[in-house]
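Visitor: Sending over a structure as structure tokens; questions will come in a sec.
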Amino acid sequence: MHAITIPEPGGPEALVWAEVPDPVPAEGEVLVEVVASAVNRADLLQRQGFYDPPPGTSPYPGLECSGRIAALGPGVSGWSVGDEVCALLVGGGYAQKVAVPVGQVLPVPDGVDLVTAAALPEVTSTVWSNVFMIAHLRPGETLLVHGGASGIGTMAIQLAKAVGARVAVTAGGPEKLARCAELGADILIDYRTQDFVEELHKATDGAGADVILDIVGAKYLDRNVKALAVNGRLAIIGMQGGVKGELNLGALLAKRAAITATTLRARPLQEKTAIVAAVREHVWPLIGAGTIRPVVDRTVPMRDAAEAHRALDSGSHVGKVLLLAPQD
């Protein structure tokens, strides 16, 4: 098969389409013939040499895919060759085939085509696990989403609205904020020209956000704590603004607040299996009913993955950028 390889870390030009050995599904795995994958920030970090895949896993980037099951490994039941699926991956999505633990495989939701399904596994698993399984967002509460126009952000807006929460977002510029509003965001904050703490307090009569989903990290740590409501929960899932920040424990104690920080890729198999099962139970029916939908900015041929990485680097996208695998 062919896959995107990274012979040496670097810029988008470091991504090389090359012939590589076919993967073989191990016990408890299925082999998926990839139709599409999606680009995530973690892929950019891996390309730059800052986020190596876990030992013993695929060296190729790509944390999600859609396609058809081509083979079943030993001990697999409940699936058949030819089934159309999407899957959460530890890596290897930028390829024509990938082996996936069966617990991370999902059926394509009703009303979604096979290509578009590649936009779903990573964002739904990340948002559901952090906002609902860990931070326990409840109806009537306020969720603040940083990067509201991102793949994560567009899904978080919709899921939070679906459960009856109020949603605030930060995004860069009126066009992106307008797209967030179309998805249901109630409070729109342009981080380029407005202070999100001040704007959020204005919009909530000083209460703040019950839950904050943060992709920025250190740069926003102090202001995120200021933006939290009493008993608020800050869920950090990214480090685009650095890894080291100063934390005022007094402010955190005064608000009886909590901070969690997670990555999805390195979680043990049993945890990811539980997350995927929860997504299938709670999120898939909402997609099937048309309550929420994947947001796709553009599709790019997989061999031209560098172009897709440049799009994410530029921040010009809204929603997900997908890679289309060649169908030999």
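By convention in this document, the chains of the structure tokens carry letters A, B, ... by their order, each chain's residues are numbered from 1, and ligands are numbered from 1 in the order they are shown.
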Any chance you could list, as an MDAnalysis selection string, the residues in region 21-260 of chain A that come up alpha helix (DSSP H) when DSSP is run on the backbone?

Guide: chainID A and resid 41:48 121:127 151:162 174:183 196:203 221:227 249:254

Visitor: Set the distance at 8 Å and use only C-alpha atoms: which residues neighbour region 139-144 of chain A once local chain neighbours fewer than 6 positions away are removed? I'd like the list as a ChimeraX atom specification.

Guide: /A:160,163-170,208-213

Visitor: Can you pull out the residues contacting Ala71 (chain A)? Cut-off 7 Å, using only C-alpha atoms, and skip same-chain residues under 2 positions away; I want them as a PyMOL selection string.

Guide: chain A and resi 30-31+69+73+81

Visitor: At a cut-off of 10 Å, using only C-alpha atoms, what residues contact Asp214 (chain A)? Leave out same-chain residues fewer than 2 positions from it and give the result as a PDB file with N, CA and C atoms, in the first residue's frame.

Guide:
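Output file part_13.pdb follows:
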ATOM      1  N   LEU A 144     -17.827  27.392  27.689  1.00  0.00           N
ATOM      2  CA  LEU A 144     -16.974  28.261  26.880  1.00  0.00           C
ATOM      3  C   LEU A 144     -16.046  27.369  26.060  1.00  0.00           C
ATOM      4  N   VAL A 145     -16.072  27.544  24.743  1.00  0.00           N
ATOM      5  CA  VAL A 145     -15.244  26.764  23.838  1.00  0.00           C
ATOM      6  C   VAL A 145     -14.226  27.691  23.192  1.00  0.00           C
ATOM      7  N   HIS A 146     -12.954  27.451  23.456  1.00  0.00           N
ATOM      8  CA  HIS A 146     -11.914  28.193  22.752  1.00  0.00           C
ATOM      9  C   HIS A 146     -11.667  27.530  21.392  1.00  0.00           C
ATOM     10  N   GLY A 147     -11.536  28.361  20.363  1.00  0.00           N
ATOM     11  CA  GLY A 147     -11.394  27.803  19.017  1.00  0.00           C
ATOM     12  C   GLY A 147     -12.706  27.242  18.522  1.00  0.00           C
ATOM     13  N   GLY A 153     -14.220  22.534  18.074  1.00  0.00           N
ATOM     14  CA  GLY A 153     -15.159  23.579  18.458  1.00  0.00           C
ATOM     15  C   GLY A 153     -16.517  23.426  17.821  1.00  0.00           C
ATOM     16  N   VAL A 211     -18.208  25.266  32.443  1.00  0.00           N
ATOM     17  CA  VAL A 211     -17.204  24.389  31.853  1.00  0.00           C
ATOM     18  C   VAL A 211     -16.477  25.171  30.764  1.00  0.00           C
ATOM     19  N   ILE A 212     -15.153  25.018  30.718  1.00  0.00           N
ATOM     20  CA  ILE A 212     -14.344  25.608  29.646  1.00  0.00           C
ATOM     21  C   ILE A 212     -13.593  24.480  28.953  1.00  0.00           C
ATOM     22  N   VAL A 216      -5.828  25.925  24.084  1.00  0.00           N
ATOM     23  CA  VAL A 216      -4.703  26.863  24.067  1.00  0.00           C
ATOM     24  C   VAL A 216      -3.643  26.494  25.091  1.00  0.00           C
ATOM     25  N   GLY A 217      -4.057  26.202  26.326  1.00  0.00           N
ATOM     26  CA  GLY A 217      -3.092  25.798  27.338  1.00  0.00           C
ATOM     27  C   GLY A 217      -2.545  26.958  28.137  1.00  0.00           C
ATOM     28  N   ALA A 218      -1.211  27.001  28.290  1.00  0.00           N
ATOM     29  CA  ALA A 218      -0.561  27.891  29.247  1.00  0.00           C
ATOM     30  C   ALA A 218      -0.949  29.353  29.085  1.00  0.00           C
ATOM     31  N   TYR A 220      -3.576  30.785  28.273  1.00  0.00           N
ATOM     32  CA  TYR A 220      -4.913  31.131  28.763  1.00  0.00           C
ATOM     33  C   TYR A 220      -5.169  30.670  30.203  1.00  0.00           C
ATOM     34  N   LEU A 221      -4.218  30.033  30.848  1.00  0.00           N
ATOM     35  CA  LEU A 221      -4.496  29.389  32.136  1.00  0.00           C
ATOM     36  C   LEU A 221      -5.046  30.371  33.168  1.00  0.00           C
ATOM     37  N   ASN A 224      -8.443  31.713  32.102  1.00  0.00           N
ATOM     38  CA  ASN A 224      -9.479  30.680  32.180  1.00  0.00           C
ATOM     39  C   ASN A 224     -10.000  30.521  33.603  1.00  0.00           C
ATOM     40  N   LEU A 234     -12.476  23.300  34.271  1.00  0.00           N
ATOM     41  CA  LEU A 234     -11.638  23.643  33.123  1.00  0.00           C
ATOM     42  C   LEU A 234     -11.032  22.367  32.558  1.00  0.00           C
ATOM     43  N   ALA A 235     -11.338  22.073  31.283  1.00  0.00           N
ATOM     44  CA  ALA A 235     -10.825  20.889  30.607  1.00  0.00           C
ATOM     45  C   ALA A 235      -9.811  21.329  29.559  1.00  0.00           C
ATOM     46  N   ILE A 236      -8.542  21.025  29.786  1.00  0.00           N
ATOM     47  CA  ILE A 236      -7.474  21.419  28.872  1.00  0.00           C
ATOM     48  C   ILE A 236      -7.163  20.244  27.948  1.00  0.00           C
ATOM     49  N   ILE A 237      -7.245  20.488  26.641  1.00  0.00           N
ATOM     50  CA  ILE A 237      -7.010  19.406  25.683  1.00  0.00           C
ATOM     51  C   ILE A 237      -5.953  19.775  24.645  1.00  0.00           C
ATOM     52  N   GLY A 238      -5.306  20.936  24.789  1.00  0.00           N
ATOM     53  CA  GLY A 238      -4.307  21.349  23.820  1.00  0.00           C
ATOM     54  C   GLY A 238      -3.306  22.308  24.424  1.00  0.00           C
ATOM     55  N   MET A 239      -2.215  22.504  23.699  1.00  0.00           N
ATOM     56  CA  MET A 239      -1.124  23.345  24.199  1.00  0.00           C
ATOM     57  C   MET A 239      -0.652  24.330  23.132  1.00  0.00           C
ATOM     58  N   GLN A 240      -1.589  24.826  22.319  1.00  0.00           N
ATOM     59  CA  GLN A 240      -1.191  25.743  21.255  1.00  0.00           C
ATOM     60  C   GLN A 240      -0.578  27.023  21.802  1.00  0.00           C
ATOM     61  N   ALA A 261      -6.729  17.732  32.530  1.00  0.00           N
ATOM     62  CA  ALA A 261      -5.967  17.820  31.289  1.00  0.00           C
ATOM     63  C   ALA A 261      -5.828  16.409  30.730  1.00  0.00           C
TER      64      ALA A 261
END

Visitor: Select, from A:Leu249, A:Leu137, A:Asp205, A:Ala325, the residue with the minimum atom-to-atom distance to Gly62 (chain A), counting only C-alpha atoms.

Guide: A:Ala325

Visitor: Would you kindly return, as a list in words, each protein, DNA or RNA residue with an atom no farther than 12 Å from any atom of Thr193 (chain A), considering only C-alpha atoms and excluding same-chain residues fewer than 2 positions away?

Guide: Thr170, Ala171, Gly172, Gly173, Pro174, Leu188, Ile189, Asp190, Tyr191, Asp195, Phe196, Glu198 and Glu199 of chain A

Visitor: Can you work out which one of A:Ile6, A:Leu253, A:Val35, A:Arg298 has the shortest atom-to-atom distance to Ala70 (chain A), counting only C-alpha atoms?

Guide: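 That would be A:Val35, the residue with the smallest distance to Ala70 (chain A).
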
Visitor: Could you name the residues that touch Arg47 (chain A) at 9 Å or less, counting only C-alpha atoms, but leaving out those on the same chain fewer than 5 positions away, as a list in words?

Guide: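 Listed by chain and then number, they are Ile6, Glu8, Pro9, Gly10, Gly11, Pro12, Ala14, Leu15, Ala42, Asp52 and Pro61 of chain A.
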
Visitor: For a test of reading the model, state the distance in Å between CA of Ala117 (chain A) and CA of Cys86 (chain A), rounded to one decimal.

Guide: 6.1 Å

Visitor: Let's see if you can do this: from backbone DSSP, list all strand (DSSP E) residues in region 85-302 of chain A, as number ranges by chain.

Guide: A: 85-88, 97-101, 105-107, 142-146, 166-171, 187-190, 209-214, 228-236, 258-261, 296-301

Visitor: Give me a file of those residues, with C-alpha atoms, as a PDB file, in the first residue's frame.

Guide:
ATOM      1  CA  VAL A  85     -17.130   2.054   9.223  1.00  0.00           C
ATOM      2  CA  CYS A  86     -15.242   4.923  10.760  1.00  0.00           C
ATOM      3  CA  ALA A  87     -12.641   4.508  13.462  1.00  0.00           C
ATOM      4  CA  LEU A  88     -10.626   6.207  16.164  1.00  0.00           C
ATOM      5  CA  LYS A  97      -5.080   0.514   4.928  1.00  0.00           C
ATOM      6  CA  VAL A  98      -4.921   0.555   8.709  1.00  0.00           C
ATOM      7  CA  ALA A  99      -5.341  -2.040  11.460  1.00  0.00           C
ATOM      8  CA  VAL A 100      -7.709  -0.923  14.227  1.00  0.00           C
ATOM      9  CA  PRO A 101      -8.706  -2.415  17.598  1.00  0.00           C
ATOM     10  CA  VAL A 105     -14.581   0.966  15.289  1.00  0.00           C
ATOM     11  CA  LEU A 106     -17.936   2.653  14.722  1.00  0.00           C
ATOM     12  CA  PRO A 107     -20.639   2.187  12.099  1.00  0.00           C
ATOM     13  CA  THR A 142     -22.635  27.623  30.245  1.00  0.00           C
ATOM     14  CA  LEU A 143     -19.829  26.086  28.181  1.00  0.00           C
ATOM     15  CA  LEU A 144     -16.974  28.261  26.880  1.00  0.00           C
ATOM     16  CA  VAL A 145     -15.244  26.764  23.838  1.00  0.00           C
ATOM     17  CA  HIS A 146     -11.914  28.193  22.752  1.00  0.00           C
ATOM     18  CA  ARG A 166     -25.610  27.773  26.738  1.00  0.00           C
ATOM     19  CA  VAL A 167     -22.495  28.115  24.577  1.00  0.00           C
ATOM     20  CA  ALA A 168     -19.873  30.840  24.430  1.00  0.00           C
ATOM     21  CA  VAL A 169     -17.068  30.689  21.879  1.00  0.00           C
ATOM     22  CA  THR A 170     -13.861  32.465  21.039  1.00  0.00           C
ATOM     23  CA  ALA A 171     -12.774  32.651  17.411  1.00  0.00           C
ATOM     24  CA  ILE A 187     -22.041  34.277  23.054  1.00  0.00           C
ATOM     25  CA  LEU A 188     -19.546  35.287  20.358  1.00  0.00           C
ATOM     26  CA  ILE A 189     -16.113  36.606  21.354  1.00  0.00           C
ATOM     27  CA  ASP A 190     -13.434  37.722  18.887  1.00  0.00           C
ATOM     28  CA  ALA A 209     -18.530  29.586  32.532  1.00  0.00           C
ATOM     29  CA  ASP A 210     -19.429  26.333  34.250  1.00  0.00           C
ATOM     30  CA  VAL A 211     -17.204  24.389  31.853  1.00  0.00           C
ATOM     31  CA  ILE A 212     -14.344  25.608  29.646  1.00  0.00           C
ATOM     32  CA  LEU A 213     -12.960  23.464  26.817  1.00  0.00           C
ATOM     33  CA  ASP A 214      -9.476  24.803  26.126  1.00  0.00           C
ATOM     34  CA  LEU A 228     -14.754  30.030  35.540  1.00  0.00           C
ATOM     35  CA  ALA A 229     -17.966  30.104  37.539  1.00  0.00           C
ATOM     36  CA  VAL A 230     -18.121  28.863  41.113  1.00  0.00           C
ATOM     37  CA  ASN A 231     -17.794  25.058  40.950  1.00  0.00           C
ATOM     38  CA  GLY A 232     -16.510  25.473  37.386  1.00  0.00           C
ATOM     39  CA  ARG A 233     -14.516  22.853  35.482  1.00  0.00           C
ATOM     40  CA  LEU A 234     -11.638  23.643  33.123  1.00  0.00           C
ATOM     41  CA  ALA A 235     -10.825  20.889  30.607  1.00  0.00           C
ATOM     42  CA  ILE A 236      -7.474  21.419  28.872  1.00  0.00           C
ATOM     43  CA  ALA A 258     -11.377  21.850  39.047  1.00  0.00           C
ATOM     44  CA  ILE A 259      -8.827  21.543  36.260  1.00  0.00           C
ATOM     45  CA  THR A 260      -8.373  18.412  34.152  1.00  0.00           C
ATOM     46  CA  ALA A 261      -5.967  17.820  31.289  1.00  0.00           C
ATOM     47  CA  VAL A 296     -16.096  19.783   6.722  1.00  0.00           C
ATOM     48  CA  ASP A 297     -14.056  22.702   5.412  1.00  0.00           C
ATOM     49  CA  ARG A 298     -12.460  20.945   2.431  1.00  0.00           C
ATOM     50  CA  THR A 299     -11.208  17.645   1.056  1.00  0.00           C
ATOM     51  CA  VAL A 300      -7.683  17.109  -0.261  1.00  0.00           C
ATOM     52  CA  PRO A 301      -6.117  14.073  -1.991  1.00  0.00           C
TER      53      PRO A 301
END

Visitor: Find the residues around Leu183 (chain A) up to 12 Å (only C-alpha atoms counted), leave out those fewer than 6 positions away in its own chain, and share them as a PDB file with N, CA and C atoms, in the first residue's frame.

Guide:
ATOM      1  N   GLY A 148     -13.755  28.040  18.605  1.00  0.00           N
ATOM      2  CA  GLY A 148     -15.092  27.561  18.274  1.00  0.00           C
ATOM      3  C   GLY A 148     -15.263  27.139  16.830  1.00  0.00           C
ATOM      4  N   ALA A 149     -14.419  27.649  15.925  1.00  0.00           N
ATOM      5  CA  ALA A 149     -14.550  27.308  14.510  1.00  0.00           C
ATOM      6  C   ALA A 149     -13.702  26.100  14.108  1.00  0.00           C
ATOM      7  N   GLY A 153     -14.220  22.534  18.074  1.00  0.00           N
ATOM      8  CA  GLY A 153     -15.159  23.579  18.458  1.00  0.00           C
ATOM      9  C   GLY A 153     -16.517  23.426  17.821  1.00  0.00           C
ATOM     10  N   THR A 154     -16.552  23.137  16.513  1.00  0.00           N
ATOM     11  CA  THR A 154     -17.845  23.021  15.834  1.00  0.00           C
ATOM     12  C   THR A 154     -18.657  21.857  16.381  1.00  0.00           C
ATOM     13  N   MET A 155     -17.991  20.793  16.803  1.00  0.00           N
ATOM     14  CA  MET A 155     -18.713  19.669  17.408  1.00  0.00           C
ATOM     15  C   MET A 155     -19.142  19.992  18.833  1.00  0.00           C
ATOM     16  N   ALA A 156     -18.274  20.670  19.597  1.00  0.00           N
ATOM     17  CA  ALA A 156     -18.613  21.005  20.979  1.00  0.00           C
ATOM     18  C   ALA A 156     -19.821  21.923  21.049  1.00  0.00           C
ATOM     19  N   ILE A 157     -19.894  22.903  20.151  1.00  0.00           N
ATOM     20  CA  ILE A 157     -21.056  23.797  20.124  1.00  0.00           C
ATOM     21  C   ILE A 157     -22.336  22.986  19.963  1.00  0.00           C
ATOM     22  N   GLN A 158     -22.347  22.116  18.981  1.00  0.00           N
ATOM     23  CA  GLN A 158     -23.569  21.381  18.662  1.00  0.00           C
ATOM     24  C   GLN A 158     -23.970  20.411  19.769  1.00  0.00           C
ATOM     25  N   LEU A 159     -22.997  19.712  20.325  1.00  0.00           N
ATOM     26  CA  LEU A 159     -23.326  18.750  21.380  1.00  0.00           C
ATOM     27  C   LEU A 159     -23.824  19.461  22.633  1.00  0.00           C
ATOM     28  N   ALA A 160     -23.197  20.566  22.980  1.00  0.00           N
ATOM     29  CA  ALA A 160     -23.639  21.299  24.164  1.00  0.00           C
ATOM     30  C   ALA A 160     -25.053  21.845  23.984  1.00  0.00           C
ATOM     31  N   LYS A 161     -25.348  22.375  22.801  1.00  0.00           N
ATOM     32  CA  LYS A 161     -26.703  22.862  22.545  1.00  0.00           C
ATOM     33  C   LYS A 161     -27.709  21.715  22.572  1.00  0.00           C
ATOM     34  N   ALA A 162     -27.295  20.558  22.087  1.00  0.00           N
ATOM     35  CA  ALA A 162     -28.204  19.417  22.040  1.00  0.00           C
ATOM     36  C   ALA A 162     -28.635  18.965  23.427  1.00  0.00           C
ATOM     37  N   VAL A 167     -23.849  28.252  25.116  1.00  0.00           N
ATOM     38  CA  VAL A 167     -22.495  28.115  24.577  1.00  0.00           C
ATOM     39  C   VAL A 167     -21.890  29.476  24.249  1.00  0.00           C
ATOM     40  N   ALA A 168     -20.700  29.696  24.788  1.00  0.00           N
ATOM     41  CA  ALA A 168     -19.873  30.840  24.430  1.00  0.00           C
ATOM     42  C   ALA A 168     -18.676  30.330  23.648  1.00  0.00           C
ATOM     43  N   VAL A 169     -18.229  31.101  22.670  1.00  0.00           N
ATOM     44  CA  VAL A 169     -17.068  30.689  21.879  1.00  0.00           C
ATOM     45  C   VAL A 169     -16.106  31.860  21.708  1.00  0.00           C
ATOM     46  N   LYS A 176     -15.668  33.730  11.127  1.00  0.00           N
ATOM     47  CA  LYS A 176     -15.672  32.498  11.913  1.00  0.00           C
ATOM     48  C   LYS A 176     -16.731  32.546  13.014  1.00  0.00           C
ATOM     49  N   LEU A 177     -16.899  33.699  13.628  1.00  0.00           N
ATOM     50  CA  LEU A 177     -17.926  33.817  14.663  1.00  0.00           C
ATOM     51  C   LEU A 177     -19.318  33.619  14.070  1.00  0.00           C
ATOM     52  N   THR A 291     -29.681  16.293  14.416  1.00  0.00           N
ATOM     53  CA  THR A 291     -29.524  17.320  15.444  1.00  0.00           C
ATOM     54  C   THR A 291     -28.140  17.936  15.403  1.00  0.00           C
ATOM     55  N   ILE A 292     -27.139  17.115  15.150  1.00  0.00           N
ATOM     56  CA  ILE A 292     -25.781  17.607  14.965  1.00  0.00           C
ATOM     57  C   ILE A 292     -25.239  17.043  13.658  1.00  0.00           C
ATOM     58  N   ARG A 293     -24.216  17.700  13.138  1.00  0.00           N
ATOM     59  CA  ARG A 293     -23.664  17.262  11.855  1.00  0.00           C
ATOM     60  C   ARG A 293     -22.173  17.556  11.828  1.00  0.00           C
ATOM     61  N   PRO A 294     -21.415  16.745  11.103  1.00  0.00           N
ATOM     62  CA  PRO A 294     -19.996  17.066  10.936  1.00  0.00           C
ATOM     63  C   PRO A 294     -19.830  18.285  10.045  1.00  0.00           C
ATOM     64  N   VAL A 295     -18.859  19.104  10.366  1.00  0.00           N
ATOM     65  CA  VAL A 295     -18.567  20.298   9.574  1.00  0.00           C
ATOM     66  C   VAL A 295     -17.242  20.068   8.851  1.00  0.00           C
ATOM     67  N   VAL A 318     -12.627  26.173   8.722  1.00  0.00           N
ATOM     68  CA  VAL A 318     -13.723  26.057   9.695  1.00  0.00           C
ATOM     69  C   VAL A 318     -14.157  24.598   9.687  1.00  0.00           C
ATOM     70  N   GLY A 319     -14.046  23.931  10.813  1.00  0.00           N
ATOM     71  CA  GLY A 319     -14.361  22.511  10.855  1.00  0.00           C
ATOM     72  C   GLY A 319     -13.172  21.673  10.443  1.00  0.00           C
TER      73      GLY A 319
END

Visitor: Here is a test: counting only C-alpha atoms, which residue of A:Ala289, A:Leu89, A:Lys219, A:Pro55 is nearest to Gly241 (chain A)?

Guide: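 Looking only at the distances to Gly241 (chain A), the closest residue turns out to be A:Lys219.
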
Visitor: For Ala26 (chain A), which residue out of A:Tyr60, A:Gly49, A:Leu44, A:Leu72 is the nearest one, using only C-alpha atoms?

Guide: A:Leu72

Visitor: Measuring between only C-alpha atoms, which one of A:Gly242, A:Ala3, A:Pro285, A:Arg280 shows the shortest distance to Trp128 (chain A)?

Guide: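 That would be A:Arg280, the residue with the smallest distance to Trp128 (chain A).
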
Visitor: Please report the interatomic distance between CA of Leu200 (chain A) and CA of Leu247 (chain A) in Å with one decimal.

Guide: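 So the answer is 20.1 Å.
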
Visitor: When you count only C-alpha atoms, which of these residues is closest to Ala278 (chain A): A:Leu114, A:Val321, A:Val127, A:Ala227?

Guide: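 Nearest to Ala278 (chain A): A:Val127.
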